[in-house]
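What follows is a set of notes on a single structure, which appears directly below.
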Number of protein chains: 2
Amino acid sequence: MLDALGDPTRRAIFEQLGERPSAVVDLAERLPVSRPAVSQHLKILKGAGLVRDVQVGTRRIYSLDPAGLSGLRDYLDRFWGTALQSFKKRVEADNEKENRQGEQHD
Amino acid sequence: MLDALGDPTRRAIFEQLGERPSAVVDLAERLPVSRPAVSQHLKILKGAGLVRDVQVGTRRIYSLDPAGLSGLRDYLDRFWGTALQSFKKRVEADNEKENRQGEQHD
DNA sequence: CGTTACCGTAAGTTATAACTTACGGTAAGT
DNA sequence: ACTTACCGTAAGTTATAACTTACGGTAACG
């Protein structure tokens with residue numbers, strides 16, 4: 001997922017879909033790249049589970065995939081959690097060390 | 001920031017720093033790339049505000065930057081917010097349309 | 001003061017992925 | 001049936017960025 005959001009064009013597409021679902025043509029119109037390029041980026045975003053699509057007539061409407069969004073959020077939250085936890089542990093360990101060596105500095 | 005986390009090697013470094021602060025040598029030891037490569041990635045991560053470093057003796061200890069973490073989280077939360085909001089609006093609009101046209105389908 | 005350990009940067013190479021043009025295929029409209 | 005609109009994919013090019021080797025520079029250590 002982070003890989004998919006690593007490209008600026010893909011982020012632009014992603015944010016555009018955050019405002020409203022759109023067809024490939026509409027997305028390409030607002031971007032400095034060709035329509036096939038947008039199609040390829042959408043394929044990657046879809047592969048990452050960040051985007052869904054529905055066929056309506058001759059057009060293909062893309063929109064954000066809520067499941068993908070929450071999945072990404074969960075991953076980040078989990079990482080935040082473990083990072084902060086180990087950080088806290090480290091601080092506590094340091095404090096203990098200081099206390100054992102300590103009380104007499106100052 | 002998402003650009004910085006777009007590279008897998010950089011994510012590996014990032015996660016490793018999530019467990020414990022480390023010197024460049026220690027990071028490189030656990031990775032399939034050379035030490036200079038790790039240095040370059042760290043430079044990018046630092047530029048993105050995701051990582052801090054402290055010089056201790058001849059070693060340079062890198063650790064996660066809490067400010068950068070919360071910044072990234074804020075950005076994502078904000079995006080979640082606007083995306084879900086416009087999604088909600090869209091659903092409501094669709095419901096209204098159905099109601100106006102409706103009651104008689106089925 | 002010489003040696004060792006650790007690091008950042010420069011230069012150059014290589015691999016990757018972003019992009020364009022070209023093509024074929026399906027759905028709607030006349 | 002022909003045309004038009006929209007789309008995905010293939011092939012090929014180009015730009016980018018990831019990586020290695022080589023170098024120079026600072027801090028500890030004998």
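Residue numbering restarts at 1 for every chain of the structure tokens, chains are lettered A, B, ... in their displayed order, and ligands are numbered from 1 as they appear.
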When you get a sec, could you note down which chain A residues fall within 9 Å of chain C, using only C-alpha atoms (C1' of nucleotides), as a PyMOL selection string?
-> chain A and resi 33-34+36-37+57-59
Expected answer as a PyMOL selection string: chain A residues within 12 Å of chain D, only C-alpha atoms (C1' of nucleotides) = chain A and resi 7+23-26+35-43+55-61
Would you give me, as JSON, numbers by chain, the residues of chain A that come within 7 Å of chain B, using only C-alpha atoms?
-> {"A": [2, 3, 5, 6, 7, 18, 19, 83, 86]}
Expressed in Å to a single decimal, how great is the separation between atom CA of B:Leu50 and atom CA of B:Ala67?
->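 Between these atoms lies a distance of 7.7 Å.
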Let's see if you can do this: from backbone DSSP, list all strand (DSSP E or B) residues in chain A, as an mmCIF file with N, CA and C atoms, in the first residue's frame.
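Final output, result.cif:
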data_model
loop_
_atom_site.group_PDB
_atom_site.id
_atom_site.type_symbol
_atom_site.label_atom_id
_atom_site.label_comp_id
_atom_site.auth_asym_id
_atom_site.auth_seq_id
_atom_site.Cartn_x
_atom_site.Cartn_y
_atom_site.Cartn_z
ATOM 1 N N SER A 22 -14.770 8.801 -9.941
ATOM 2 C CA SER A 22 -14.579 9.367 -11.277
ATOM 3 C C SER A 22 -14.234 8.289 -12.293
ATOM 4 N N ALA A 23 -14.520 8.612 -13.553
ATOM 5 C CA ALA A 23 -14.110 7.745 -14.649
ATOM 6 C C ALA A 23 -12.668 8.047 -15.013
ATOM 7 N N VAL A 51 -8.562 0.878 -4.044
ATOM 8 C CA VAL A 51 -9.508 1.438 -5.008
ATOM 9 C C VAL A 51 -10.403 0.341 -5.553
ATOM 10 N N ARG A 52 -11.666 0.688 -5.811
ATOM 11 C CA ARG A 52 -12.588 -0.258 -6.422
ATOM 12 C C ARG A 52 -13.100 0.340 -7.714
ATOM 13 N N ASP A 53 -13.735 -0.469 -8.561
ATOM 14 C CA ASP A 53 -14.255 0.075 -9.812
ATOM 15 C C ASP A 53 -15.539 -0.625 -10.197
ATOM 16 N N VAL A 54 -16.391 0.137 -10.847
ATOM 17 C CA VAL A 54 -17.676 -0.379 -11.301
ATOM 18 C C VAL A 54 -17.870 0.003 -12.756
ATOM 19 N N GLN A 55 -18.320 -0.958 -13.525
ATOM 20 C CA GLN A 55 -18.585 -0.670 -14.932
ATOM 21 C C GLN A 55 -19.988 -0.110 -15.062
ATOM 22 N N VAL A 56 -20.094 1.047 -15.705
ATOM 23 C CA VAL A 56 -21.409 1.638 -15.943
ATOM 24 C C VAL A 56 -21.431 2.130 -17.378
ATOM 25 N N ARG A 59 -18.366 3.456 -19.490
ATOM 26 C CA ARG A 59 -17.397 4.061 -18.571
ATOM 27 C C ARG A 59 -17.108 3.135 -17.391
ATOM 28 N N ARG A 60 -15.936 3.353 -16.795
ATOM 29 C CA ARG A 60 -15.555 2.559 -15.626
ATOM 30 C C ARG A 60 -15.280 3.529 -14.482
ATOM 31 N N ILE A 61 -16.148 3.482 -13.493
ATOM 32 C CA ILE A 61 -16.077 4.439 -12.393
ATOM 33 C C ILE A 61 -15.221 3.891 -11.258
ATOM 34 N N TYR A 62 -14.203 4.638 -10.904
ATOM 35 C CA TYR A 62 -13.325 4.242 -9.805
ATOM 36 C C TYR A 62 -13.674 5.029 -8.552
ATOM 37 N N SER A 63 -13.536 4.352 -7.396
ATOM 38 C CA SER A 63 -13.774 5.025 -6.115
ATOM 39 C C SER A 63 -12.861 4.420 -5.055
ATOM 40 N N LEU A 64 -12.734 5.117 -3.942
ATOM 41 C CA LEU A 64 -11.899 4.599 -2.863
ATOM 42 C C LEU A 64 -12.503 3.331 -2.281
#
Write down as a ChimeraX atom specification the residues of chain B whose backbone DSSP state falls under alpha helix (DSSP H).
-> /B:8-19,24-29,35-47,66-101
Since we have the selection now, will you write its residues out, keeping C-alpha atoms, as a PDB file, in the first residue's frame?
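Result written to out.pdb:
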ATOM      1  CA  PRO B   8      10.890  -1.160   0.761  1.00  0.00           C
ATOM      2  CA  THR B   9      14.452  -0.790   2.012  1.00  0.00           C
ATOM      3  CA  ARG B  10      13.475   2.492   3.620  1.00  0.00           C
ATOM      4  CA  ARG B  11      10.474   0.869   5.257  1.00  0.00           C
ATOM      5  CA  ALA B  12      12.746  -1.864   6.619  1.00  0.00           C
ATOM      6  CA  ILE B  13      15.024   0.767   8.120  1.00  0.00           C
ATOM      7  CA  PHE B  14      12.027   2.616   9.468  1.00  0.00           C
ATOM      8  CA  GLU B  15      10.572  -0.453  11.137  1.00  0.00           C
ATOM      9  CA  GLN B  16      13.935  -1.438  12.542  1.00  0.00           C
ATOM     10  CA  LEU B  17      14.222   1.990  14.126  1.00  0.00           C
ATOM     11  CA  GLY B  18      10.727   1.448  15.487  1.00  0.00           C
ATOM     12  CA  GLU B  19      12.102  -1.388  17.611  1.00  0.00           C
ATOM     13  CA  VAL B  24      24.217   2.967  10.596  1.00  0.00           C
ATOM     14  CA  VAL B  25      26.448  -0.077  10.829  1.00  0.00           C
ATOM     15  CA  ASP B  26      23.883  -2.018  12.829  1.00  0.00           C
ATOM     16  CA  LEU B  27      21.139  -1.177  10.366  1.00  0.00           C
ATOM     17  CA  ALA B  28      23.242  -2.195   7.386  1.00  0.00           C
ATOM     18  CA  GLU B  29      24.145  -5.490   9.026  1.00  0.00           C
ATOM     19  CA  ARG B  35      26.359   0.775   4.427  1.00  0.00           C
ATOM     20  CA  PRO B  36      26.486   3.830   2.132  1.00  0.00           C
ATOM     21  CA  ALA B  37      23.109   2.834   0.728  1.00  0.00           C
ATOM     22  CA  VAL B  38      21.692   2.920   4.234  1.00  0.00           C
ATOM     23  CA  SER B  39      23.246   6.341   4.773  1.00  0.00           C
ATOM     24  CA  GLN B  40      21.530   7.669   1.662  1.00  0.00           C
ATOM     25  CA  HIS B  41      18.184   6.266   2.719  1.00  0.00           C
ATOM     26  CA  LEU B  42      18.605   7.769   6.171  1.00  0.00           C
ATOM     27  CA  LYS B  43      19.273  11.136   4.585  1.00  0.00           C
ATOM     28  CA  ILE B  44      15.965  10.919   2.749  1.00  0.00           C
ATOM     29  CA  LEU B  45      14.089   9.759   5.850  1.00  0.00           C
ATOM     30  CA  LYS B  46      15.614  12.615   7.795  1.00  0.00           C
ATOM     31  CA  GLY B  47      14.665  15.070   5.066  1.00  0.00           C
ATOM     32  CA  PRO B  66       7.856  11.490  17.043  1.00  0.00           C
ATOM     33  CA  ALA B  67       6.958  14.845  15.455  1.00  0.00           C
ATOM     34  CA  GLY B  68       7.227  13.337  11.999  1.00  0.00           C
ATOM     35  CA  LEU B  69       5.135  10.359  13.056  1.00  0.00           C
ATOM     36  CA  SER B  70       2.299  12.501  14.363  1.00  0.00           C
ATOM     37  CA  GLY B  71       2.530  14.719  11.291  1.00  0.00           C
ATOM     38  CA  LEU B  72       2.023  11.758   9.010  1.00  0.00           C
ATOM     39  CA  ARG B  73      -0.797  10.486  11.162  1.00  0.00           C
ATOM     40  CA  ASP B  74      -2.490  13.879  11.066  1.00  0.00           C
ATOM     41  CA  TYR B  75      -2.268  14.048   7.297  1.00  0.00           C
ATOM     42  CA  LEU B  76      -3.808  10.618   6.917  1.00  0.00           C
ATOM     43  CA  ASP B  77      -6.521  11.317   9.482  1.00  0.00           C
ATOM     44  CA  ARG B  78      -7.406  14.544   7.714  1.00  0.00           C
ATOM     45  CA  PHE B  79      -7.607  12.723   4.423  1.00  0.00           C
ATOM     46  CA  TRP B  80      -9.698   9.963   5.951  1.00  0.00           C
ATOM     47  CA  GLY B  81     -11.988  12.670   7.300  1.00  0.00           C
ATOM     48  CA  THR B  82     -12.609  14.521   4.061  1.00  0.00           C
ATOM     49  CA  ALA B  83     -12.893  11.301   2.082  1.00  0.00           C
ATOM     50  CA  LEU B  84     -15.453   9.776   4.423  1.00  0.00           C
ATOM     51  CA  GLN B  85     -17.312  13.068   4.620  1.00  0.00           C
ATOM     52  CA  SER B  86     -17.703  13.419   0.873  1.00  0.00           C
ATOM     53  CA  PHE B  87     -18.598   9.745   0.726  1.00  0.00           C
ATOM     54  CA  LYS B  88     -21.332  10.293   3.274  1.00  0.00           C
ATOM     55  CA  LYS B  89     -22.627  13.323   1.403  1.00  0.00           C
ATOM     56  CA  ARG B  90     -22.753  11.297  -1.772  1.00  0.00           C
ATOM     57  CA  VAL B  91     -24.741   8.537  -0.138  1.00  0.00           C
ATOM     58  CA  GLU B  92     -27.204  11.033   1.294  1.00  0.00           C
ATOM     59  CA  ALA B  93     -27.633  12.690  -2.079  1.00  0.00           C
ATOM     60  CA  ASP B  94     -28.280   9.331  -3.694  1.00  0.00           C
ATOM     61  CA  ASN B  95     -30.839   8.464  -1.060  1.00  0.00           C
ATOM     62  CA  GLU B  96     -32.687  11.727  -1.624  1.00  0.00           C
ATOM     63  CA  LYS B  97     -32.759  11.114  -5.347  1.00  0.00           C
ATOM     64  CA  GLU B  98     -34.133   7.610  -4.792  1.00  0.00           C
ATOM     65  CA  ASN B  99     -36.792   8.952  -2.465  1.00  0.00           C
ATOM     66  CA  ARG B 100     -37.915  11.618  -4.911  1.00  0.00           C
ATOM     67  CA  GLN B 101     -38.140   9.160  -7.791  1.00  0.00           C
TER      68      GLN B 101
END
